[in-house]
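Next up, start_30.pdb (PDB, C-alpha atoms and all ligand atoms):
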```pdb
ATOM      1  CA  MET A  16      -4.414   6.473 -30.476
ATOM      2  CA  LYS A  17      -5.635   3.341 -28.821
ATOM      3  CA  GLY A  18      -7.593   3.199 -25.693
ATOM      4  CA  VAL A  19      -9.513   6.373 -25.288
ATOM      5  CA  VAL A  20     -12.574   5.860 -23.208
ATOM      6  CA  GLY A  21     -15.716   7.156 -24.783
ATOM      7  CA  ALA A  22     -19.443   6.927 -24.667
ATOM      8  CA  SER A  23     -19.433   3.696 -26.614
ATOM      9  CA  ALA A  24     -17.086   2.078 -24.133
ATOM     10  CA  ILE A  25     -19.196   3.183 -21.216
ATOM     11  CA  ALA A  26     -22.260   1.729 -22.882
ATOM     12  CA  GLY A  27     -20.609  -1.664 -22.436
ATOM     13  CA  ILE A  28     -21.719  -1.935 -18.825
ATOM     14  CA  GLY A  29     -22.641  -5.412 -17.835
ATOM     15  CA  SER A  30     -20.690  -7.188 -20.511
ATOM     16  CA  THR A  31     -18.049  -8.283 -18.033
ATOM     17  CA  GLY A  32     -20.402  -8.510 -15.098
ATOM     18  CA  ALA A  33     -21.934 -11.798 -16.099
ATOM     19  CA  ALA A  34     -18.617 -13.570 -15.933
ATOM     20  CA  ALA A  35     -17.891 -12.155 -12.508
ATOM     21  CA  VAL A  36     -21.188 -13.016 -10.933
ATOM     22  CA  ASN A  37     -20.507 -16.726 -10.951
ATOM     23  CA  THR A  38     -18.648 -16.514  -7.650
ATOM     24  CA  ALA A  39     -20.033 -17.865  -4.396
ATOM     25  CA  THR A  40     -22.962 -16.302  -2.628
ATOM     26  CA  PRO A  41     -21.501 -13.622  -0.403
ATOM     27  CA  PRO A  42     -21.457 -14.228   3.339
ATOM     28  CA  THR A  43     -23.363 -11.877   5.598
ATOM     29  CA  GLY A  44     -21.869  -8.502   6.371
ATOM     30  CA  SER A  45     -22.218  -4.882   5.388
ATOM     31  CA  GLY A  46     -22.754  -3.890   1.799
ATOM     32  CA  GLY A  47     -21.567  -5.969  -1.113
ATOM     33  CA  GLY A  48     -23.573  -7.080  -4.116
ATOM     34  CA  ILE A  49     -23.688  -6.134  -7.764
ATOM     35  CA  THR A  50     -21.378  -3.168  -8.059
ATOM     36  CA  PRO A  51     -20.847  -1.087 -11.185
ATOM     37  CA  PHE A  52     -17.368   0.426 -11.223
ATOM     38  CA  MET A  53     -14.951   2.249 -13.493
ATOM     39  CA  GLY A  54     -11.941   0.148 -14.247
ATOM     40  CA  ILE A  55      -9.168  -0.417 -16.714
ATOM     41  CA  GLU A  56      -9.927  -2.915 -19.427
ATOM     42  CA  ARG A  57      -9.054  -6.595 -19.271
ATOM     43  CA  ILE A  58      -7.935  -7.568 -22.752
ATOM     44  CA  ASP A  59      -6.717 -11.149 -22.480
ATOM     45  CA  GLY A  60      -6.357 -14.131 -20.167
ATOM     46  CA  PRO A  61      -8.595 -15.603 -17.470
ATOM     47  CA  ALA A  62      -9.281 -12.466 -15.413
ATOM     48  CA  PRO A  63     -13.046 -11.851 -15.441
ATOM     49  CA  ARG A  64     -12.864  -8.048 -15.558
ATOM     50  CA  GLY A  65     -10.596  -5.044 -15.237
ATOM     51  CA  MET A  66      -9.098  -3.549 -12.098
ATOM     52  CA  PRO A  67     -10.811  -0.579 -10.425
ATOM     53  CA  ILE A  68      -9.715   3.004 -10.853
ATOM     54  CA  ILE A  69      -8.920   5.074  -7.771
ATOM     55  CA  PRO A  70      -9.992   8.670  -8.492
ATOM     56  CA  VAL A  71      -7.134  11.068  -7.697
ATOM     57  CA  GLU A  72      -6.676  14.620  -6.543
ATOM     58  CA  ILE A  73      -3.540  16.724  -6.364
ATOM     59  CA  ASP A  74      -3.093  19.455  -3.766
ATOM     60  CA  ASP A  75      -1.360  22.839  -4.083
ATOM     61  CA  GLU A  76       1.958  21.259  -3.131
ATOM     62  CA  GLY A  77       1.640  18.624  -5.831
ATOM     63  CA  VAL A  78       0.944  15.748  -3.445
ATOM     64  CA  ILE A  79      -1.170  13.051  -5.091
ATOM     65  CA  SER A  80      -3.969  11.450  -3.093
ATOM     66  CA  GLY A  81      -6.669   8.941  -3.836
ATOM     67  CA  ARG A  82     -10.123  10.330  -3.226
ATOM     68  CA  TRP A  83     -12.184   8.626  -0.575
ATOM     69  CA  PRO A  84     -15.949   8.931  -1.123
ATOM     70  CA  GLU A  85     -18.169  10.858   1.251
ATOM     71  CA  VAL A  86     -19.272   8.824   4.235
ATOM     72  CA  LYS A  87     -23.008   8.419   4.550
ATOM     73  CA  GLU A  88     -25.095   6.845   7.239
ATOM     74  CA  GLU A  89     -27.880   4.474   6.379
ATOM     75  CA  THR A  90     -30.314   2.388   8.396
ATOM     76  CA  VAL A  91     -30.603  -1.178   7.171
ATOM     77  CA  GLN A  92     -32.968  -3.477   9.035
ATOM     78  CA  GLY A  93     -32.817  -1.244  12.073
ATOM     79  CA  GLN A  94     -29.013  -1.100  12.139
ATOM     80  CA  THR A  95     -26.829   1.858  11.321
ATOM     81  CA  GLU A  96     -24.486   1.189   8.452
ATOM     82  CA  TYR A  97     -21.933   3.475   6.879
ATOM     83  CA  LEU A  98     -21.389   3.869   3.188
ATOM     84  CA  ALA A  99     -18.578   5.636   1.405
ATOM     85  CA  GLU A 100     -20.228   6.809  -1.781
ATOM     86  CA  GLU A 101     -20.381   9.879  -3.994
ATOM     87  CA  GLU A 102     -20.928  10.958  -7.572
ATOM     88  CA  ILE A 103     -17.781  11.607  -9.556
ATOM     89  CA  GLY A 104     -18.107  12.661 -13.170
ATOM     90  CA  GLY A 105     -21.573  11.178 -13.527
ATOM     91  CA  ILE A 106     -20.541   7.858 -11.968
ATOM     92  CA  THR A 107     -21.323   6.548  -8.488
ATOM     93  CA  TYR A 108     -17.974   5.987  -6.811
ATOM     94  CA  THR A 109     -18.093   3.698  -3.780
ATOM     95  CA  SER A 110     -15.599   1.921  -1.570
ATOM     96  CA  GLN A 111     -17.211  -1.298  -2.782
ATOM     97  CA  TRP A 112     -15.216  -0.981  -5.989
ATOM     98  CA  PHE A 113     -12.298  -2.438  -4.042
ATOM     99  CA  GLN A 114     -14.104  -5.223  -2.165
ATOM    100  CA  TYR A 115     -12.638  -8.317  -3.778
ATOM    101  CA  CYS A 116      -9.671 -10.628  -3.300
ATOM    102  CA  GLY A 117      -9.963 -10.411   0.484
ATOM    103  CA  LYS A 118      -9.569  -6.628   0.503
ATOM    104  CA  GLN A 119     -13.125  -6.477   1.829
ATOM    105  CA  THR A 120     -11.723  -7.542   5.202
ATOM    106  CA  SER A 121      -9.132  -4.740   5.252
ATOM    107  CA  PRO A 122      -9.776  -1.936   7.728
ATOM    108  CA  ALA A 123      -8.547   0.393   4.965
ATOM    109  CA  LEU A 124     -11.920  -0.015   3.278
ATOM    110  CA  LEU A 125     -14.095   0.728   6.285
ATOM    111  CA  PRO A 126     -16.032   3.807   5.227
ATOM    112  CA  ARG A 127     -15.161   5.715   8.392
ATOM    113  CA  ALA A 128     -11.507   4.666   8.671
ATOM    114  CA  ASP A 129      -9.473   7.857   8.950
ATOM    115  CA  GLN A 130      -6.568   6.611   6.859
ATOM    116  CA  ASP A 131      -3.906   8.481   4.900
ATOM    117  CA  ASN A 132      -5.285   9.022   1.426
ATOM    118  CA  ARG A 133      -1.959  10.096  -0.025
ATOM    119  CA  PHE A 134      -0.256   7.591  -2.295
ATOM    120  CA  LEU A 135       2.982   6.536  -0.604
ATOM    121  CA  SER A 136       5.913   5.170  -2.570
ATOM    122  CA  SER A 137       6.002   1.398  -2.119
ATOM    123  CA  GLU A 138       9.129  -0.444  -1.034
ATOM    124  CA  GLU A 139       8.051  -3.295  -3.245
ATOM    125  CA  THR A 140       8.286  -1.280  -6.413
ATOM    126  CA  GLN A 141       9.751  -2.795  -9.553
ATOM    127  CA  TYR A 142      10.497   0.608 -11.058
ATOM    128  CA  GLU A 143      14.114   1.586 -10.720
ATOM    129  CA  TRP A 144      13.394   5.308 -10.766
ATOM    130  CA  GLN A 145      11.587   4.993  -7.424
ATOM    131  CA  SER A 146      14.898   4.166  -5.701
ATOM    132  CA  GLU A 147      15.431   7.934  -5.571
ATOM    133  CA  LEU A 148      12.453   8.165  -3.203
ATOM    134  CA  GLU A 149      12.311   7.345   0.490
ATOM    135  CA  ALA A 150      10.157   4.391   1.506
ATOM    136  CA  ASP A 151       6.652   5.694   2.133
ATOM    137  CA  GLU A 152       7.436   9.085   0.632
ATOM    138  CA  PRO A 153       4.226  10.711  -0.593
ATOM    139  CA  LEU A 154       4.094  10.717  -4.378
ATOM    140  CA  ASN A 155       4.218  14.192  -5.864
ATOM    141  CA  ILE A 156       3.465  15.305  -9.384
ATOM    142  CA  GLU A 157       7.058  16.539  -9.597
ATOM    143  CA  HIS A 158       8.200  12.919  -9.543
ATOM    144  CA  PHE A 159       6.457  12.489 -12.882
ATOM    145  CA  ASP A 160       7.878  15.519 -14.719
ATOM    146  CA  ASP A 161       9.417  13.328 -17.428
ATOM    147  CA  TYR A 162       6.201  11.390 -18.046
ATOM    148  CA  GLU A 163       6.013  12.290 -21.725
ATOM    149  CA  ASP A 164       9.175  10.433 -22.608
ATOM    150  CA  TRP A 165       9.916   8.119 -19.689
ATOM    151  CA  GLY A 166      10.640   4.509 -20.560
ATOM    152  CA  ASN A 167      12.367   1.431 -19.168
ATOM    153  CA  GLU A 168      13.082  -0.640 -22.281
ATOM    154  CA  ILE A 169       9.835  -2.564 -21.994
ATOM    155  CA  GLY A 170       7.281  -1.416 -24.529
ATOM    156  CA  GLU A 171       7.470   1.935 -26.260
ATOM    157  CA  ASP A 172       8.584   4.976 -24.297
ATOM    158  CA  GLY A 173       6.305   7.883 -23.592
ATOM    159  CA  ALA A 174       3.071   6.070 -22.781
ATOM    160  CA  GLY A 175       3.219   7.034 -19.152
ATOM    161  CA  LYS A 176       5.359   6.923 -16.037
ATOM    162  CA  PRO A 177       4.201   4.526 -13.305
ATOM    163  CA  ALA A 178       4.905   4.321  -9.602
ATOM    164  CA  ALA A 179       4.022   1.544  -7.189
ATOM    165  CA  ALA A 180       2.267   2.885  -4.123
ATOM    166  CA  THR A 181       0.277   1.974  -1.079
ATOM    167  CA  TRP A 182      -2.988   3.697  -0.240
ATOM    168  CA  ARG A 183      -4.913   4.073   3.040
ATOM    169  CA  SER A 184      -2.661   1.440   4.558
ATOM    170  CA  ASP A 185      -0.968   3.186   7.488
ATOM    171  CA  GLY A 186      -0.774   0.772  10.416
ATOM    172  CA  LEU A 187      -1.760  -2.160   8.228
ATOM    173  CA  GLU A 188       0.234  -5.076   6.864
ATOM    174  CA  GLY A 189       0.017  -8.194   4.714
ATOM    175  CA  GLY A 190      -3.185  -8.667   2.788
ATOM    176  CA  ASP A 191      -4.762  -5.619   4.429
ATOM    177  CA  VAL A 192      -2.479  -3.286   2.469
ATOM    178  CA  LEU A 193      -3.990  -1.693  -0.628
ATOM    179  CA  ASN A 194      -1.469  -1.724  -3.481
ATOM    180  CA  ALA A 195      -1.930   0.750  -6.270
ATOM    181  CA  ILE A 196      -0.222   1.935  -9.391
ATOM    182  CA  VAL A 197      -0.177   5.687  -9.845
ATOM    183  CA  MET A 198       0.648   6.804 -13.346
ATOM    184  CA  ARG A 199       0.948  10.028 -15.270
ATOM    185  CA  SER A 200       0.184   9.531 -18.932
ATOM    186  CA  PRO A 201      -0.257  11.798 -21.950
ATOM    187  CA  ARG A 202      -2.871   9.324 -23.202
ATOM    188  CA  ILE A 203      -5.046   9.810 -20.147
ATOM    189  CA  GLU A 204      -4.440  13.556 -20.190
ATOM    190  CA  GLU A 205      -5.845  13.671 -23.708
ATOM    191  CA  ALA A 206      -8.701  11.254 -23.050
ATOM    192  CA  ALA A 207      -9.812  13.304 -20.042
ATOM    193  CA  GLN A 208     -10.560  16.247 -22.307
ATOM    194  CA  GLU A 209     -13.460  14.360 -23.816
ATOM    195  CA  ASP A 210     -14.702  12.254 -20.960
ATOM    196  CA  GLU A 211     -16.654  13.465 -17.971
ATOM    197  CA  PHE A 212     -15.548  10.734 -15.595
ATOM    198  CA  LEU A 213     -11.862  10.950 -16.498
ATOM    199  CA  GLU A 214     -11.966  14.710 -16.254
ATOM    200  CA  ALA A 215     -13.233  14.377 -12.681
ATOM    201  CA  ALA A 216     -11.211  11.344 -11.576
ATOM    202  CA  THR A 217      -7.811  12.259 -13.007
ATOM    203  CA  GLN A 218      -5.704  15.389 -12.974
ATOM    204  CA  ASP A 219      -2.949  16.480 -15.361
ATOM    205  CA  GLY A 220      -2.825  12.952 -16.771
ATOM    206  CA  VAL A 221      -2.382  11.393 -13.326
ATOM    207  CA  PHE A 222      -4.574   8.406 -12.607
ATOM    208  CA  ALA A 223      -4.450   5.372 -10.342
ATOM    209  CA  TYR A 224      -5.812   1.865 -10.075
ATOM    210  CA  LEU A 225      -5.877  -0.878  -7.474
ATOM    211  CA  ASN A 226      -3.166  -3.294  -8.562
ATOM    212  CA  VAL A 227      -4.875  -6.558  -7.628
ATOM    213  CA  CYS A 228      -5.561  -9.032 -10.416
ATOM    214  CA  THR A 229      -9.253  -9.881 -10.598
ATOM    215  CA  HIS A 230      -8.440 -13.490 -11.436
ATOM    216  CA  PHE A 231      -6.682 -14.958  -8.388
ATOM    217  CA  CYS A 232      -5.449 -11.780  -6.757
ATOM    218  CA  CYS A 233      -1.784 -11.692  -7.812
ATOM    219  CA  VAL A 234       0.024  -8.375  -8.188
ATOM    220  CA  PRO A 235       0.318  -7.716 -11.938
ATOM    221  CA  GLY A 236       2.919  -5.481 -13.558
ATOM    222  CA  PHE A 237       2.837  -2.572 -15.984
ATOM    223  CA  LYS A 238       6.092  -2.439 -17.951
ATOM    224  CA  VAL A 239       7.774  -5.019 -15.747
ATOM    225  CA  SER A 240       7.828  -8.074 -18.017
ATOM    226  CA  ASP A 241       9.123  -8.585 -21.558
ATOM    227  CA  THR A 242       6.137 -10.837 -22.124
ATOM    228  CA  ALA A 243       3.967  -7.732 -22.312
ATOM    229  CA  GLU A 244       5.659  -6.929 -25.616
ATOM    230  CA  ARG A 245       3.581  -9.641 -27.254
ATOM    231  CA  PHE A 246       0.602  -7.347 -26.860
ATOM    232  CA  GLU A 247       0.045  -4.114 -28.738
ATOM    233  CA  ASP A 248       2.907  -1.674 -28.125
ATOM    234  CA  GLY A 249       3.990  -3.448 -24.929
ATOM    235  CA  ASN A 250       2.338  -0.842 -22.750
ATOM    236  CA  VAL A 251      -0.044  -3.281 -21.159
ATOM    237  CA  ILE A 252      -0.346  -4.712 -17.685
ATOM    238  CA  TYR A 253       0.648  -8.351 -17.544
ATOM    239  CA  CYS A 254      -0.155 -10.728 -14.699
ATOM    240  CA  GLN A 255       2.554 -13.359 -14.531
ATOM    241  CA  CYS A 256       0.405 -15.809 -12.556
ATOM    242  CA  HIS A 257      -1.896 -16.951 -15.362
ATOM    243  CA  ALA A 258      -1.210 -14.468 -18.154
ATOM    244  CA  SER A 259      -4.068 -12.015 -17.796
ATOM    245  CA  VAL A 260      -3.511  -8.793 -19.694
ATOM    246  CA  TYR A 261      -5.008  -5.377 -19.032
ATOM    247  CA  ASP A 262      -4.882  -2.100 -20.921
ATOM    248  CA  PRO A 263      -4.401   0.737 -18.425
ATOM    249  CA  PHE A 264      -5.407   3.371 -20.973
ATOM    250  CA  THR A 265      -8.897   2.077 -21.654
ATOM    251  CA  ILE A 266     -11.119   2.929 -18.741
ATOM    252  CA  LEU A 267     -14.694   1.795 -18.903
ATOM    253  CA  GLU A 268     -17.682   0.990 -16.780
ATOM    254  CA  GLN A 269     -17.951  -2.638 -15.712
ATOM    255  CA  SER A 270     -19.635  -4.477 -12.887
ATOM    256  CA  PHE A 271     -18.960  -7.322 -10.511
ATOM    257  CA  LEU A 272     -20.219  -8.952  -7.347
ATOM    258  CA  SER A 273     -18.444  -7.182  -4.517
ATOM    259  CA  PHE A 274     -18.083  -8.951  -1.205
ATOM    260  CA  PRO A 275     -19.626  -7.470   1.926
ATOM    261  CA  GLN A 276     -17.394  -6.263   4.736
ATOM    262  CA  PRO A 277     -17.577  -8.718   7.613
ATOM    263  CA  ASP A 278     -19.121  -7.075  10.648
ATOM    264  CA  ASP A 279     -16.107  -7.735  12.864
ATOM    265  CA  VAL A 280     -13.583  -5.671  10.878
ATOM    266  CA  GLN A 281     -12.148  -3.110  13.278
ATOM    267  CA  LEU A 282     -11.133   0.439  12.582
ATOM    268  CA  PRO A 283      -7.319   0.548  12.627
ATOM    269  CA  GLU A 284      -5.714   1.701  15.857
ATOM    270  CA  GLU A 285      -3.126   3.799  14.087
ATOM    271  CA  GLY A 286      -4.669   6.216  11.705
ATOM    272  CA  GLY A 287      -6.676   8.265  14.148
ATOM    273  CA  GLY A 288      -9.966   6.582  13.505
ATOM    274  CA  GLY A 289     -10.723   5.945  17.161
ATOM    275  CA  GLY A 290      -9.295   2.433  17.229
ATOM    276  CA  GLY A 291     -11.260  -0.583  18.181
ATOM    277  CA  GLU A 292     -14.630   0.793  17.265
ATOM    278  CA  GLU A 293     -16.788  -1.520  15.274
ATOM    279  CA  GLU A 294     -18.071  -0.558  11.874
ATOM    280  CA  GLY A 295     -21.373  -1.483  10.349
ATOM    281  CA  GLY A 296     -24.176  -3.564  11.740
ATOM    282  CA  ASP A 297     -25.895  -6.864  11.291
ATOM    283  CA  GLY A 298     -27.668  -7.967   8.188
ATOM    284  CA  GLY A 299     -27.600  -6.211   4.888
ATOM    285  CA  GLY A 300     -25.799  -9.063   3.175
ATOM    286  CA  GLY A 301     -25.970  -7.991  -0.419
ATOM    287  CA  HIS A 302     -28.579  -6.036  -2.207
TER     288      HIS A 302
HETATM  289  S1  LIG B   1      -3.957 -14.065 -14.098
HETATM  290 FE1  LIG B   1      -4.405 -15.357 -12.444
HETATM  291  S2  LIG B   1      -3.971 -14.087 -10.730
HETATM  292 FE2  LIG B   1      -3.611 -12.785 -12.402
END
```

Can the structure from this file be put into structure tokens for me?
Ligand code: FES
Amino acid sequence: MKGVVGASAIAGIGSTGAAAVNTATPPTGSGGGITPFMGIERIDGPAPRGMPIIPVEIDDEGVISGRWPEVKEETVQGQTEYLAEEEIGGITYTSQWFQYCGKQTSPALLPRADQDNRFLSSEETQYEWQSELEADEPLNIEHFDDYEDWGNEIGEDGAGKPAAATWRSDGLEGGDVLNAIVMRSPRIEEAAQEDEFLEAATQDGVFAYLNVCTHFCCVPGFKVSDTAERFEDGNVIYCQCHASVYDPFTILEQSFLSFPQPDDVQLPEEGGGGGGEEEGGDGGGGH
């Protein structure tokens, strides 16, 4: 089996970081800086690194949510700042994993934003099976019952069943929306038995990642393009913009330069976060 994360893969931290750190000096704002993260592997094309994992949890009713880290308060240069950060499976999981491609200006990523953490079925899905779901219907593990043999004539069947979803994006639109792929895969189910992080960040083979290409921010596709069949068994993620390729089943620690959240990002009005309140403080631009 290809693509099982292991200790040797995790030891590769930093190997992709160097390529990512050539971006511009971040502007001032809260947080940002060199950020280790767990992400799927980039295997080809111009993308500098993989896309970040969103740790998942599944409740008693089978509803799948992305975990949001614990919110912590910190004083930086006399100002109160909020951090969303916690340990998951021996790894520090922070909201900074997602601060790239303009997402750092999305209210969805404000540590204190009280957004819906459930994954909601996306109207923009390219998977035909999702037409049986209502728009914005919460994804449930029952929707993935046939994950061990599902296929769509692109790549081999049985690698995993994907769904396009939005996350923490209630009341938001355009570039503020966080697009994710939620997938249930026998490969991840097996890999999680031997990996502390995957055991903690996935459940019953269900995992998720932010579906934003780390090259120029296009929305790539898993099993949506025949071109993917040029790679391995076709079960890769292909970005049609400039042909970056990712392997969703290899999850390893990487790092990049995350952008700070500008200080004027507002908590969303819908979402119950006490709209209009400002997050973060001055200073603290990078570490
Ligand atoms: S390869 Fe360029 S945006 Fe994805």

Practice item. Please identify every polymer residue within 12 Å of ligand LIG 1 (chain B), using only C-alpha atoms and all ligand atoms, and present the set as a ChimeraX atom specification. Key: /A:57-66,116,226-236,252-261

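Of the residues listed (A:Asn194, A:Asn155, A:Ser80, A:Gln276), A:Asn194 shows the shortest atom-to-atom separation from Tyr224 in chain A; distances use all atoms listed in the file.
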
**Study point:** Residues near range 170-177 of chain A, cut-off 9 Å, only C-alpha atoms, skip fewer than 2 positions along chain, as a PyMOL selection string
**Key:** chain A and resi 142+159+161-168+179+196-203+220+237-238+241+243-244+247-251

Grab the residues selected above and save them as a tab-separated table (two decimals), in the frame of the given file with C-alpha atoms.
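Writing the result to part.tsv gives the following:
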```tsv
chain	number	residue	atom	x	y	z
A	142	TYR	CA	10.50	0.61	-11.06
A	159	PHE	CA	6.46	12.49	-12.88
A	161	ASP	CA	9.42	13.33	-17.43
A	162	TYR	CA	6.20	11.39	-18.05
A	163	GLU	CA	6.01	12.29	-21.72
A	164	ASP	CA	9.18	10.43	-22.61
A	165	TRP	CA	9.92	8.12	-19.69
A	166	GLY	CA	10.64	4.51	-20.56
A	167	ASN	CA	12.37	1.43	-19.17
A	168	GLU	CA	13.08	-0.64	-22.28
A	179	ALA	CA	4.02	1.54	-7.19
A	196	ILE	CA	-0.22	1.94	-9.39
A	197	VAL	CA	-0.18	5.69	-9.85
A	198	MET	CA	0.65	6.80	-13.35
A	199	ARG	CA	0.95	10.03	-15.27
A	200	SER	CA	0.18	9.53	-18.93
A	201	PRO	CA	-0.26	11.80	-21.95
A	202	ARG	CA	-2.87	9.32	-23.20
A	203	ILE	CA	-5.05	9.81	-20.15
A	220	GLY	CA	-2.82	12.95	-16.77
A	237	PHE	CA	2.84	-2.57	-15.98
A	238	LYS	CA	6.09	-2.44	-17.95
A	241	ASP	CA	9.12	-8.59	-21.56
A	243	ALA	CA	3.97	-7.73	-22.31
A	244	GLU	CA	5.66	-6.93	-25.62
A	247	GLU	CA	0.04	-4.11	-28.74
A	248	ASP	CA	2.91	-1.67	-28.12
A	249	GLY	CA	3.99	-3.45	-24.93
A	250	ASN	CA	2.34	-0.84	-22.75
A	251	VAL	CA	-0.04	-3.28	-21.16
```

Can I get the residues of range 176-279 of chain A within 12 Å of range 100-103 of chain A, each with the closest pair of atoms and their distance in Å to one decimal, using only C-alpha atoms, sorted chain first then ascending number, as CSV?
```
residue,atom,partner,partner_atom,distance
A:Asp210,CA,A:Ile103,CA,11.8
A:Glu211,CA,A:Ile103,CA,8.7
A:Phe212,CA,A:Ile103,CA,6.5
A:Leu213,CA,A:Ile103,CA,9.1
A:Glu214,CA,A:Ile103,CA,9.4
A:Ala215,CA,A:Ile103,CA,6.2
A:Ala216,CA,A:Ile103,CA,6.9
A:Thr217,CA,A:Ile103,CA,10.6
```

Review point. Using all atoms listed in the file, which residues sit within 8 Å of Ser136 in chain A once same-chain residues fewer than 5 positions away are excluded, as a PyMOL selection string?
Key: chain A and resi 145+148-154+178-181

Exercise for review: For range 81-92 of chain A, list every protein, DNA or RNA residue within 6 Å, evaluated using all atoms listed in the file, and leave out those in the same chain fewer than 6 positions away; present the list as a ChimeraX atom specification.
Suggested key: /A:69-71,98-101,132

Those same residues, written as a compact mmCIF listing (two decimals), in the frame of the given file with C-alpha atoms?
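Result file out-v9.txt:
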```txt
# COMPACT_ATOMS: atom_id res chain seq x y z
CA ILE A 69 -8.92 5.07 -7.77
CA PRO A 70 -9.99 8.67 -8.49
CA VAL A 71 -7.13 11.07 -7.70
CA LEU A 98 -21.39 3.87 3.19
CA ALA A 99 -18.58 5.64 1.40
CA GLU A 100 -20.23 6.81 -1.78
CA GLU A 101 -20.38 9.88 -3.99
CA ASN A 132 -5.28 9.02 1.43
```

Review point. Could you write out as a PyMOL selection string the residues that the PyMOL selection byres (((chain A and resi 77) around 7) and not hetatm) matches in the shown file?
Key: chain A and resi 73-76+78-79+155-157

Take the residues that were just selected and, keeping C-alpha atoms, output them as a PDB file, keeping the file's coordinate frame.
```pdb
ATOM      1  CA  ILE A  73      -3.540  16.724  -6.364  1.00  0.00           C
ATOM      2  CA  ASP A  74      -3.093  19.455  -3.766  1.00  0.00           C
ATOM      3  CA  ASP A  75      -1.360  22.839  -4.083  1.00  0.00           C
ATOM      4  CA  GLU A  76       1.958  21.259  -3.131  1.00  0.00           C
ATOM      5  CA  VAL A  78       0.944  15.748  -3.445  1.00  0.00           C
ATOM      6  CA  ILE A  79      -1.170  13.051  -5.091  1.00  0.00           C
ATOM      7  CA  ASN A 155       4.218  14.192  -5.864  1.00  0.00           C
ATOM      8  CA  ILE A 156       3.465  15.305  -9.384  1.00  0.00           C
ATOM      9  CA  GLU A 157       7.058  16.539  -9.597  1.00  0.00           C
TER      10      GLU A 157
END
```

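CA of Leu225 in chain A is found 16.3 Å from CA of Glu138 in chain A.
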
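Interatomic distance, CA of His158 in chain A to CA of Glu72 in chain A: 15.3 Å.
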
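Between CA of Glu205 in chain A and CA of Tyr108 in chain A there is a distance of 22.2 Å.
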
Review point. So what does the PyMOL selection byres (((chain A and resi 280) around 8) and not hetatm) actually pick up in this one, as number ranges by chain?
Key: A: 120-122, 125, 276-279, 281-282, 293-294

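Using all atoms listed in the file, the shortest contact distance between Asp131 in chain A and any of A:Trp182, A:Phe274, A:Phe222, A:Phe264 is found at A:Trp182.
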
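The shortest atom-to-atom distance to Pro67 in chain A, with all atoms listed in the file taken into account, belongs to A:Pro263 out of A:Pro275, A:Pro263, A:Gly105, A:Pro283.
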
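Among the candidates A:Val221, A:Val239, A:Ile266, A:Ala123, the residue lying nearest to Asp191 in chain A is A:Ala123 (atoms considered: all atoms listed in the file).
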
Point to revise | Surrounding residues of Thr50 in chain A excluding itself and chain neighbours under 3 positions, 9 Å, only C-alpha atoms, as a PyMOL selection string | key: chain A and resi 32+47+109+111-112+269-273
